[in-house]
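A.B. asks: Got run_21.pdb for you, PDB, C-alpha atoms and all ligand atoms:
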```pdb
MODEL        1
ATOM      1  CA  MET A   4       7.032  22.679  16.280
ATOM      2  CA  GLN A   5       6.602  23.438  12.555
ATOM      3  CA  ASN A   6       4.353  26.379  13.535
ATOM      4  CA  ASP A   7       7.264  28.091  15.297
ATOM      5  CA  ILE A   8       9.245  28.298  12.037
ATOM      6  CA  GLY A   9       8.782  31.552  10.137
ATOM      7  CA  ARG A  10      10.671  30.518   6.989
ATOM      8  CA  VAL A  11      12.599  27.508   5.724
ATOM      9  CA  LEU A  12      16.002  28.730   4.490
ATOM     10  CA  LEU A  13      17.594  25.407   3.534
ATOM     11  CA  SER A  14      15.570  22.369   2.530
ATOM     12  CA  GLU A  15      16.498  18.812   3.401
ATOM     13  CA  ALA A  16      17.503  18.185  -0.249
ATOM     14  CA  GLU A  17      19.775  21.235  -0.375
ATOM     15  CA  ILE A  18      21.530  20.080   2.792
ATOM     16  CA  VAL A  19      21.988  16.522   1.479
ATOM     17  CA  ALA A  20      23.591  17.834  -1.733
ATOM     18  CA  LYS A  21      25.931  20.161   0.153
ATOM     19  CA  VAL A  22      27.028  17.440   2.590
ATOM     20  CA  LYS A  23      27.921  15.197  -0.349
ATOM     21  CA  GLU A  24      29.904  18.025  -1.984
ATOM     22  CA  LEU A  25      31.825  18.711   1.254
ATOM     23  CA  GLY A  26      32.454  14.985   1.787
ATOM     24  CA  ASP A  27      33.982  14.668  -1.697
ATOM     25  CA  LYS A  28      36.339  17.608  -1.056
ATOM     26  CA  LEU A  29      37.372  16.254   2.343
ATOM     27  CA  THR A  30      38.019  12.791   0.882
ATOM     28  CA  GLU A  31      40.572  14.363  -1.479
ATOM     29  CA  GLU A  32      42.070  16.654   1.162
ATOM     30  CA  TYR A  33      42.752  13.883   3.679
ATOM     31  CA  ARG A  34      43.569  10.902   1.439
ATOM     32  CA  GLY A  35      46.662   9.152   2.868
ATOM     33  CA  LYS A  36      46.601  11.227   6.087
ATOM     34  CA  GLU A  37      45.714  10.178   9.614
ATOM     35  CA  LEU A  38      42.391  11.967  10.045
ATOM     36  CA  LEU A  39      40.569  12.591  13.314
ATOM     37  CA  VAL A  40      37.173  14.223  12.842
ATOM     38  CA  VAL A  41      36.082  16.085  15.968
ATOM     39  CA  GLY A  42      32.437  17.063  16.327
ATOM     40  CA  ILE A  43      31.498  19.889  18.678
ATOM     41  CA  LEU A  44      28.452  18.762  20.620
ATOM     42  CA  LYS A  45      25.671  19.034  20.716
ATOM     43  CA  GLY A  46      24.893  21.085  17.611
ATOM     44  CA  SER A  47      27.221  19.323  15.159
ATOM     45  CA  ASN A  48      25.812  15.878  15.927
ATOM     46  CA  VAL A  49      23.416  15.683  12.975
ATOM     47  CA  PHE A  50      25.772  17.259  10.404
ATOM     48  CA  MET A  51      28.719  15.184  11.642
ATOM     49  CA  SER A  52      26.820  11.887  11.308
ATOM     50  CA  ASP A  53      25.870  12.676   7.728
ATOM     51  CA  LEU A  54      29.259  14.167   6.796
ATOM     52  CA  ILE A  55      31.485  11.272   7.920
ATOM     53  CA  ARG A  56      29.444   8.899   5.775
ATOM     54  CA  GLN A  57      30.420  10.997   2.733
ATOM     55  CA  ILE A  58      34.158  10.913   3.527
ATOM     56  CA  ASN A  59      35.456   7.786   1.846
ATOM     57  CA  ILE A  60      38.824   7.197   3.520
ATOM     58  CA  PRO A  61      39.773   5.608   6.871
ATOM     59  CA  LEU A  62      39.170   8.036   9.744
ATOM     60  CA  LYS A  63      38.513   8.190  13.457
ATOM     61  CA  ILE A  64      35.920  10.323  15.213
ATOM     62  CA  ASP A  65      35.773  11.991  18.595
ATOM     63  CA  PHE A  66      33.669  14.673  20.245
ATOM     64  CA  MET A  67      34.045  17.718  22.406
ATOM     65  CA  MET A  68      31.220  19.366  24.213
ATOM     66  CA  VAL A  69      31.332  23.037  24.918
ATOM     67  CA  SER A  70      28.679  25.561  25.706
ATOM     68  CA  SER A  71      28.519  29.321  25.430
ATOM     69  CA  TYR A  72      24.871  30.044  24.683
ATOM     70  CA  GLY A  73      22.956  28.392  27.501
ATOM     71  CA  ASN A  74      19.315  29.051  26.668
ATOM     72  CA  ALA A  75      19.943  32.493  25.178
ATOM     73  CA  THR A  76      20.132  33.748  21.582
ATOM     74  CA  GLU A  77      23.379  35.682  22.229
ATOM     75  CA  SER A  78      26.696  34.050  23.123
ATOM     76  CA  THR A  79      27.738  34.618  26.725
ATOM     77  CA  GLY A  80      31.337  34.787  25.458
ATOM     78  CA  VAL A  81      32.408  32.317  28.124
ATOM     79  CA  VAL A  82      33.250  28.942  26.597
ATOM     80  CA  LYS A  83      32.947  26.028  28.991
ATOM     81  CA  ILE A  84      34.495  22.628  28.143
ATOM     82  CA  ILE A  85      32.080  19.985  29.308
ATOM     83  CA  LYS A  86      33.675  17.020  27.497
ATOM     84  CA  ASP A  87      37.150  16.799  25.992
ATOM     85  CA  ILE A  88      38.627  14.622  23.191
ATOM     86  CA  GLU A  89      39.523  11.241  24.648
ATOM     87  CA  GLN A  90      42.712  10.545  22.682
ATOM     88  CA  SER A  91      46.042  12.186  22.015
ATOM     89  CA  ILE A  92      45.841  14.474  18.973
ATOM     90  CA  SER A  93      49.591  14.891  18.642
ATOM     91  CA  GLY A  94      50.635  14.270  15.011
ATOM     92  CA  LYS A  95      47.053  13.792  13.818
ATOM     93  CA  HIS A  96      45.212  15.814  11.202
ATOM     94  CA  LEU A  97      42.228  17.338  12.988
ATOM     95  CA  LEU A  98      39.032  18.315  11.241
ATOM     96  CA  ILE A  99      36.737  20.227  13.589
ATOM     97  CA  VAL A 100      33.091  19.982  12.603
ATOM     98  CA  GLU A 101      30.606  22.662  13.622
ATOM     99  CA  ASP A 102      26.975  23.225  12.774
ATOM    100  CA  ILE A 103      27.229  27.011  12.836
ATOM    101  CA  ILE A 104      29.800  29.755  13.340
ATOM    102  CA  ASP A 105      28.297  32.964  14.629
ATOM    103  CA  SER A 106      30.444  35.242  16.830
ATOM    104  CA  GLY A 107      33.437  32.909  16.329
ATOM    105  CA  LEU A 108      34.069  32.896  20.078
ATOM    106  CA  THR A 109      33.604  29.127  20.438
ATOM    107  CA  LEU A 110      36.013  28.198  17.644
ATOM    108  CA  LYS A 111      38.591  30.840  18.449
ATOM    109  CA  TYR A 112      38.856  29.483  21.960
ATOM    110  CA  LEU A 113      38.847  25.842  20.851
ATOM    111  CA  THR A 114      41.427  26.083  18.077
ATOM    112  CA  GLU A 115      43.847  28.020  20.280
ATOM    113  CA  MET A 116      43.476  25.432  23.018
ATOM    114  CA  LEU A 117      43.905  22.479  20.617
ATOM    115  CA  GLU A 118      46.976  24.015  18.895
ATOM    116  CA  THR A 119      48.877  23.646  22.189
ATOM    117  CA  ARG A 120      48.496  19.843  21.874
ATOM    118  CA  LYS A 121      50.554  19.819  18.665
ATOM    119  CA  PRO A 122      48.319  18.182  16.059
ATOM    120  CA  ALA A 123      49.777  17.863  12.512
ATOM    121  CA  SER A 124      47.065  20.277  11.293
ATOM    122  CA  ILE A 125      43.723  21.762  12.320
ATOM    123  CA  LYS A 126      41.038  22.625   9.787
ATOM    124  CA  LEU A 127      37.471  23.754  10.347
ATOM    125  CA  CYS A 128      34.339  22.641   8.579
ATOM    126  CA  THR A 129      31.006  24.256   9.338
ATOM    127  CA  LEU A 130      27.656  23.715   7.718
ATOM    128  CA  LEU A 131      26.538  27.296   8.323
ATOM    129  CA  ASP A 132      28.432  30.549   8.645
ATOM    130  CA  LYS A 133      26.997  33.889   9.765
ATOM    131  CA  PRO A 134      29.917  36.217   8.874
ATOM    132  CA  ALA A 135      27.923  39.367   9.729
ATOM    133  CA  ARG A 136      28.020  38.422  13.406
ATOM    134  CA  ARG A 137      31.743  37.743  13.766
ATOM    135  CA  LYS A 138      33.448  39.111  16.888
ATOM    136  CA  GLU A 139      36.579  36.952  16.603
ATOM    137  CA  ASN A 140      38.293  36.273  13.301
ATOM    138  CA  VAL A 141      38.493  32.537  12.586
ATOM    139  CA  ASP A 142      39.775  30.939   9.395
ATOM    140  CA  VAL A 143      37.122  28.512   8.243
ATOM    141  CA  ASP A 144      38.379  26.049   5.644
ATOM    142  CA  TYR A 145      35.074  24.487   4.580
ATOM    143  CA  VAL A 146      31.719  26.305   4.697
ATOM    144  CA  GLY A 147      28.445  24.770   3.566
ATOM    145  CA  PHE A 148      26.297  27.900   3.393
ATOM    146  CA  GLU A 149      26.671  31.575   4.290
ATOM    147  CA  MET A 150      23.595  32.654   6.175
ATOM    148  CA  PRO A 151      21.915  35.959   7.011
ATOM    149  CA  ASP A 152      21.908  37.397  10.512
ATOM    150  CA  GLU A 153      18.850  35.595  11.835
ATOM    151  CA  PHE A 154      18.415  33.070  14.604
ATOM    152  CA  LEU A 155      18.441  29.677  12.907
ATOM    153  CA  VAL A 156      17.258  26.279  14.094
ATOM    154  CA  GLY A 157      17.083  22.728  12.778
ATOM    155  CA  TYR A 158      19.450  19.996  11.556
ATOM    156  CA  GLY A 159      21.119  19.848  14.971
ATOM    157  CA  ILE A 160      20.816  23.549  15.806
ATOM    158  CA  ASP A 161      18.651  24.435  18.775
ATOM    159  CA  TYR A 162      16.794  27.141  20.544
ATOM    160  CA  ALA A 163      16.593  26.299  24.273
ATOM    161  CA  GLU A 164      17.477  22.684  23.279
ATOM    162  CA  TYR A 165      14.455  22.245  21.009
ATOM    163  CA  TYR A 166      14.203  22.033  17.190
ATOM    164  CA  ARG A 167      17.426  19.992  16.718
ATOM    165  CA  ASN A 168      15.389  17.231  15.072
ATOM    166  CA  LEU A 169      13.999  19.355  12.236
ATOM    167  CA  PRO A 170      15.431  17.940   8.972
ATOM    168  CA  TYR A 171      15.794  21.444   7.466
ATOM    169  CA  ILE A 172      17.187  24.832   8.553
ATOM    170  CA  GLY A 173      14.634  27.478   9.387
ATOM    171  CA  VAL A 174      14.243  30.852  11.047
ATOM    172  CA  LEU A 175      12.411  30.885  14.318
ATOM    173  CA  LYS A 176       9.523  33.324  14.569
ATOM    174  CA  PRO A 177      10.690  36.158  16.871
ATOM    175  CA  GLU A 178       7.609  35.747  19.080
ATOM    176  CA  VAL A 179       8.931  32.317  20.101
ATOM    177  CA  TYR A 180      11.937  33.783  21.913
ATOM    178  CA  GLU A 181      10.464  37.184  22.727
ATOM    179  CA  LYS A 182       7.704  35.759  24.869
TER     180      LYS A 182
HETATM  181  O1  LIG B   1      30.420  31.278  16.917
HETATM  182  P1  LIG B   1      29.673  31.255  18.236
HETATM  183  O2  LIG B   1      28.984  32.554  18.519
HETATM  184  O3  LIG B   1      30.551  30.822  19.365
HETATM  185  O4  LIG B   1      28.454  30.222  18.102
HETATM  186  C1  LIG B   1      28.542  28.945  17.559
HETATM  187  C2  LIG B   1      28.414  27.885  18.603
HETATM  188  O5  LIG B   1      27.181  28.010  19.307
HETATM  189  C3  LIG B   1      26.415  26.812  19.204
HETATM  190  O6  LIG B   1      26.667  25.947  20.270
HETATM  191  P2  LIG B   1      26.029  26.097  21.748
HETATM  192  O7  LIG B   1      27.046  26.714  22.642
HETATM  193  O8  LIG B   1      24.693  26.741  21.647
HETATM  194  O9  LIG B   1      25.856  24.584  22.176
HETATM  195  P3  LIG B   1      25.049  23.425  21.403
HETATM  196  O10 LIG B   1      25.940  22.997  20.254
HETATM  197  O11 LIG B   1      24.900  22.354  22.419
HETATM  198  O12 LIG B   1      23.744  23.987  20.934
HETATM  199  C4  LIG B   1      26.918  26.195  17.915
HETATM  200  O13 LIG B   1      26.712  24.802  17.901
HETATM  201  C5  LIG B   1      28.376  26.538  17.913
HETATM  202  O14 LIG B   1      29.143  25.628  18.645
HETATM  203  O1  LIG B   2      21.585  31.087  14.824
HETATM  204  C1  LIG B   2      21.796  30.323  15.802
HETATM  205  N1  LIG B   2      20.840  29.474  16.225
HETATM  206  C2  LIG B   2      21.031  28.633  17.284
HETATM  207  N2  LIG B   2      22.164  28.567  17.978
HETATM  208  C3  LIG B   2      23.154  29.391  17.594
HETATM  209  N3  LIG B   2      24.389  29.526  18.105
HETATM  210  C4  LIG B   2      24.999  30.438  17.396
HETATM  211  N4  LIG B   2      24.199  30.929  16.417
HETATM  212  C5  LIG B   2      23.021  30.281  16.521
HETATM  213 MG    MG B   3      22.999  25.872  21.040
ENDMDL
END
```
Could you write out this file's structure as structure tokens?

C.D. replies:
Amino acid sequence: MQNDIGRVLLSEAEIVAKVKELGDKLTEEYRGKELLVVGILKGSNVFMSDLIRQINIPLKIDFMMVSSYGNATESTGVVKIIKDIEQSISGKHLLIVEDIIDSGLTLKYLTEMLETRKPASIKLCTLLDKPARRKENVDVDYVGFEMPDEFLVGYGIDYAEYYRNLPYIGVLKPEVYEK
């Protein structure tokens, strides 16, 4: 698995420090508010687990599962909801947690759909942002790192469902997906 990684872009230590920094900001932002943190599966799973433990106020969590990539490296543009939030979000402050924003298609679709359920607010937090690849404009409130236009894996992010368990973020060698 390590042999498929061309370069490590973010080390485990850099990620830990950034998650702590984001958690501190979110603690201040949501103090005294009814917070529901919504992770977008599967990619956000690792980031979400670390992030909520750095937010030091009462909160609830839930998950949605959507898919637009299948086993490809380009978004299909069709967002499928596989699992929805299990509770009413009306009047709640929603924090959507993503591992990566690339084309923006996933979040554009999701935020528009969730707005119709009348939450008190919706904000977005992503560990990684690839602004160069944006097809849909989405307002991201909290970004861990801006990344170059390369196919990234690790820390929850997959290629063909593998590499999610790498503790760092790396670039996959092109020969891995070109073969
Ligand atoms: O901005 P976009 O171009 O829409 O890409 C970002 C989305 O793509 C990935 O999910 P994917 O659909 O691959 O599912 P996964 O989280 O299960 O890997 C990632 O976790 C984001 O949800
Ligand atoms: O760079 C990426 N890597 C893996 N999955 C992704 N989904 C959107 N962008 C990416
Ligand atoms: Mg994926």

A.B. asks: Could you check which of A:Phe66, A:Phe148, A:Tyr112, A:Phe154 is closest to Gly9 (chain A), using only C-alpha atoms?

C.D. replies: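 For Gly9 (chain A), the nearest of the given residues is A:Phe154.
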
A.B. asks: Convert the output of the PyMOL selection byres (((chain A and resi 81-86) around 10) and not hetatm) on the shown file into explicit residues, formatted as a list in words.

C.D. replies: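 Going through the file, the PyMOL selection byres (((chain A and resi 81-86) around 10) and not hetatm) ends up selecting Ile43, Leu44, Phe66, Met67, Met68, Val69, Ser70, Ser71, Tyr72, Ser78, Thr79, Gly80, Asp87, Ile88, Glu89, Leu108, Thr109, Leu110, Lys111, Tyr112 and Leu113 of chain A.
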
A.B. asks: Using C-alpha atoms, can you write the selected residues to a file as a tab-separated table (two decimals), in the coordinates of the input?

C.D. replies:
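Saved the output as again.tsv:
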```tsv
chain	number	residue	atom	x	y	z
A	43	ILE	CA	31.50	19.89	18.68
A	44	LEU	CA	28.45	18.76	20.62
A	66	PHE	CA	33.67	14.67	20.24
A	67	MET	CA	34.04	17.72	22.41
A	68	MET	CA	31.22	19.37	24.21
A	69	VAL	CA	31.33	23.04	24.92
A	70	SER	CA	28.68	25.56	25.71
A	71	SER	CA	28.52	29.32	25.43
A	72	TYR	CA	24.87	30.04	24.68
A	78	SER	CA	26.70	34.05	23.12
A	79	THR	CA	27.74	34.62	26.72
A	80	GLY	CA	31.34	34.79	25.46
A	87	ASP	CA	37.15	16.80	25.99
A	88	ILE	CA	38.63	14.62	23.19
A	89	GLU	CA	39.52	11.24	24.65
A	108	LEU	CA	34.07	32.90	20.08
A	109	THR	CA	33.60	29.13	20.44
A	110	LEU	CA	36.01	28.20	17.64
A	111	LYS	CA	38.59	30.84	18.45
A	112	TYR	CA	38.86	29.48	21.96
A	113	LEU	CA	38.85	25.84	20.85
```

A.B. asks: What lies within 7 Å of Asp144 (chain A) using only C-alpha atoms, ignoring chain neighbours under 3 positions off, as a list in words?

C.D. replies: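 Non-adjacent residues within range: Lys126, Leu127 and Cys128 of chain A.
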
A.B. asks: Nearest to ligand LIG 1 (chain B): which of A:Tyr180, A:Tyr145, A:Tyr165, A:Tyr33 is it, counting only C-alpha atoms and all ligand atoms?

C.D. replies: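 Distance minimum relative to ligand LIG 1 (chain B) lands on A:Tyr165.
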
A.B. asks: Might you spell out which residues the PyMOL selection byres (((chain A and resi 158-162) around 8) and not hetatm) would select in the displayed file, as JSON, numbers by chain?

C.D. replies: {"A": [45, 46, 47, 48, 49, 50, 74, 75, 76, 102, 103, 155, 156, 157, 163, 164, 165, 166, 167, 168, 169, 170, 171, 172]}

A.B. asks: Give me the residues near Ile60 (chain A) as a PyMOL selection string, where near means some atom within 12 Å (using only C-alpha atoms) and where sequence neighbours in that chain fewer than 2 positions away do not count.

C.D. replies: chain A and resi 26-40+55-58+62-63

A.B. asks: State, in Å with one decimal place, the distance from CA of Gly147 (chain A) to CA of Lys121 (chain A).

C.D. replies: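 For CA of Gly147 (chain A) relative to CA of Lys121 (chain A), the distance reads 27.2 Å.
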
A.B. asks: Between CA of Leu13 (chain A) and CA of Asn59 (chain A), what distance in Å does the model show, to one decimal?

C.D. replies: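 Pair CA of Leu13 (chain A) / CA of Asn59 (chain A) returns 25.1 Å.
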
A.B. asks: So what do you get for atom C5 of ligand LIG 1 (chain B) versus CA of Thr129 (chain A), distance-wise?

C.D. replies: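 Distance reported for this atom pair: 9.3 Å.
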
A.B. asks: May I have the centre and edge lengths, in Å to one decimal, of an axis-aligned box around the listed atoms of ligand LIG 2 (chain B) with 4 Å added to every side, as JSON?

C.D. replies:
```
{"center_x": 22.9, "center_y": 29.8, "center_z": 16.5, "size_x": 12.2, "size_y": 10.5, "size_z": 11.3}
```

A.B. asks: Go through A:Val41, A:Ile125, A:Leu12, A:Leu97 and flag the residue nearest ligand LIG 2 (chain B), using all atoms listed in the file for the distances.

C.D. replies: A:Leu12

A.B. asks: Apply the PyMOL selection byres (((chain A and resi 93) around 9) and not hetatm) to the structure shown and report the selected residues as an NGL selection string.

C.D. replies: :A and (91-92 or 94-96 or 120-123)

A.B. asks: Can you spit out the residues from that selection as a PDB file, keeping the file's coordinate frame, using C-alpha atoms?

C.D. replies:
```
ATOM      1  CA  SER A  91      46.042  12.186  22.015  1.00  0.00           C
ATOM      2  CA  ILE A  92      45.841  14.474  18.973  1.00  0.00           C
ATOM      3  CA  GLY A  94      50.635  14.270  15.011  1.00  0.00           C
ATOM      4  CA  LYS A  95      47.053  13.792  13.818  1.00  0.00           C
ATOM      5  CA  HIS A  96      45.212  15.814  11.202  1.00  0.00           C
ATOM      6  CA  ARG A 120      48.496  19.843  21.874  1.00  0.00           C
ATOM      7  CA  LYS A 121      50.554  19.819  18.665  1.00  0.00           C
ATOM      8  CA  PRO A 122      48.319  18.182  16.059  1.00  0.00           C
ATOM      9  CA  ALA A 123      49.777  17.863  12.512  1.00  0.00           C
TER      10      ALA A 123
END
```

A.B. asks: Measuring between all atoms listed in the file, which one of A:Ala135, A:Val100, A:Met150, A:Val179 shows the shortest distance to Val22 (chain A)?

C.D. replies: A:Val100

A.B. asks: Using only C-alpha atoms and all ligand atoms for the distances, tell me which of A:Ser124, A:Ser106, A:Asn6, A:Thr114 is nearest to ligand LIG 1 (chain B).

C.D. replies: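 Going through A:Ser124, A:Ser106, A:Asn6, A:Thr114 one by one, the smallest distance to ligand LIG 1 (chain B) is for A:Ser106.
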
A.B. asks: So, with all atoms listed in the file as the atoms that count, which of A:Pro151, A:Gln90, A:Met116, A:Asp105 lies closest to Arg137 (chain A)?

C.D. replies: A:Asp105

A.B. asks: For region 129-148 of chain A in the structure I just supplied, write out N, CA and C atoms - as a compact mmCIF listing (two decimals), in the first residue's frame.

C.D. replies:
```
# COMPACT_ATOMS: atom_id res chain seq x y z
N THR A 129 -14.41 21.33 5.85
CA THR A 129 -13.73 20.27 5.10
C THR A 129 -12.26 20.24 5.48
N LEU A 130 -11.71 19.06 5.54
CA LEU A 130 -10.27 18.98 5.83
C LEU A 130 -9.48 19.50 4.63
N LEU A 131 -9.87 19.05 3.44
CA LEU A 131 -9.11 19.42 2.24
C LEU A 131 -10.00 20.12 1.23
N ASP A 132 -9.42 21.09 0.54
CA ASP A 132 -10.14 21.80 -0.51
C ASP A 132 -9.25 21.83 -1.75
N LYS A 133 -9.84 21.49 -2.90
CA LYS A 133 -9.10 21.60 -4.17
C LYS A 133 -9.81 22.64 -5.02
N PRO A 134 -9.58 23.95 -4.74
CA PRO A 134 -10.34 25.01 -5.41
C PRO A 134 -10.15 25.02 -6.93
N ALA A 135 -9.02 24.54 -7.41
CA ALA A 135 -8.75 24.55 -8.86
C ALA A 135 -9.74 23.71 -9.64
N ARG A 136 -10.41 22.78 -8.95
CA ARG A 136 -11.27 21.83 -9.65
C ARG A 136 -12.75 22.17 -9.56
N ARG A 137 -13.06 23.33 -8.98
CA ARG A 137 -14.47 23.65 -8.69
C ARG A 137 -15.31 23.80 -9.94
N LYS A 138 -16.45 23.11 -9.97
CA LYS A 138 -17.43 23.28 -11.05
C LYS A 138 -18.65 24.02 -10.52
N GLU A 139 -18.93 23.83 -9.22
CA GLU A 139 -20.06 24.52 -8.57
C GLU A 139 -19.48 25.35 -7.44
N ASN A 140 -19.96 26.59 -7.32
CA ASN A 140 -19.46 27.44 -6.25
C ASN A 140 -20.12 27.06 -4.93
N VAL A 141 -19.32 26.70 -3.94
CA VAL A 141 -19.88 26.43 -2.61
C VAL A 141 -19.10 27.26 -1.59
N ASP A 142 -19.84 27.83 -0.64
CA ASP A 142 -19.19 28.62 0.41
C ASP A 142 -18.74 27.69 1.51
N VAL A 143 -17.43 27.54 1.66
CA VAL A 143 -16.92 26.66 2.69
C VAL A 143 -16.48 27.52 3.87
N ASP A 144 -17.00 27.23 5.05
CA ASP A 144 -16.74 28.08 6.21
C ASP A 144 -15.42 27.73 6.89
N TYR A 145 -15.08 26.45 6.94
CA TYR A 145 -13.85 26.02 7.60
C TYR A 145 -13.09 25.07 6.68
N VAL A 146 -11.86 25.44 6.33
CA VAL A 146 -11.02 24.61 5.46
C VAL A 146 -9.73 24.28 6.21
N GLY A 147 -9.38 23.01 6.24
CA GLY A 147 -8.11 22.62 6.86
C GLY A 147 -6.94 23.02 5.98
N PHE A 148 -6.89 22.48 4.78
CA PHE A 148 -5.77 22.72 3.87
C PHE A 148 -6.26 22.89 2.44
```
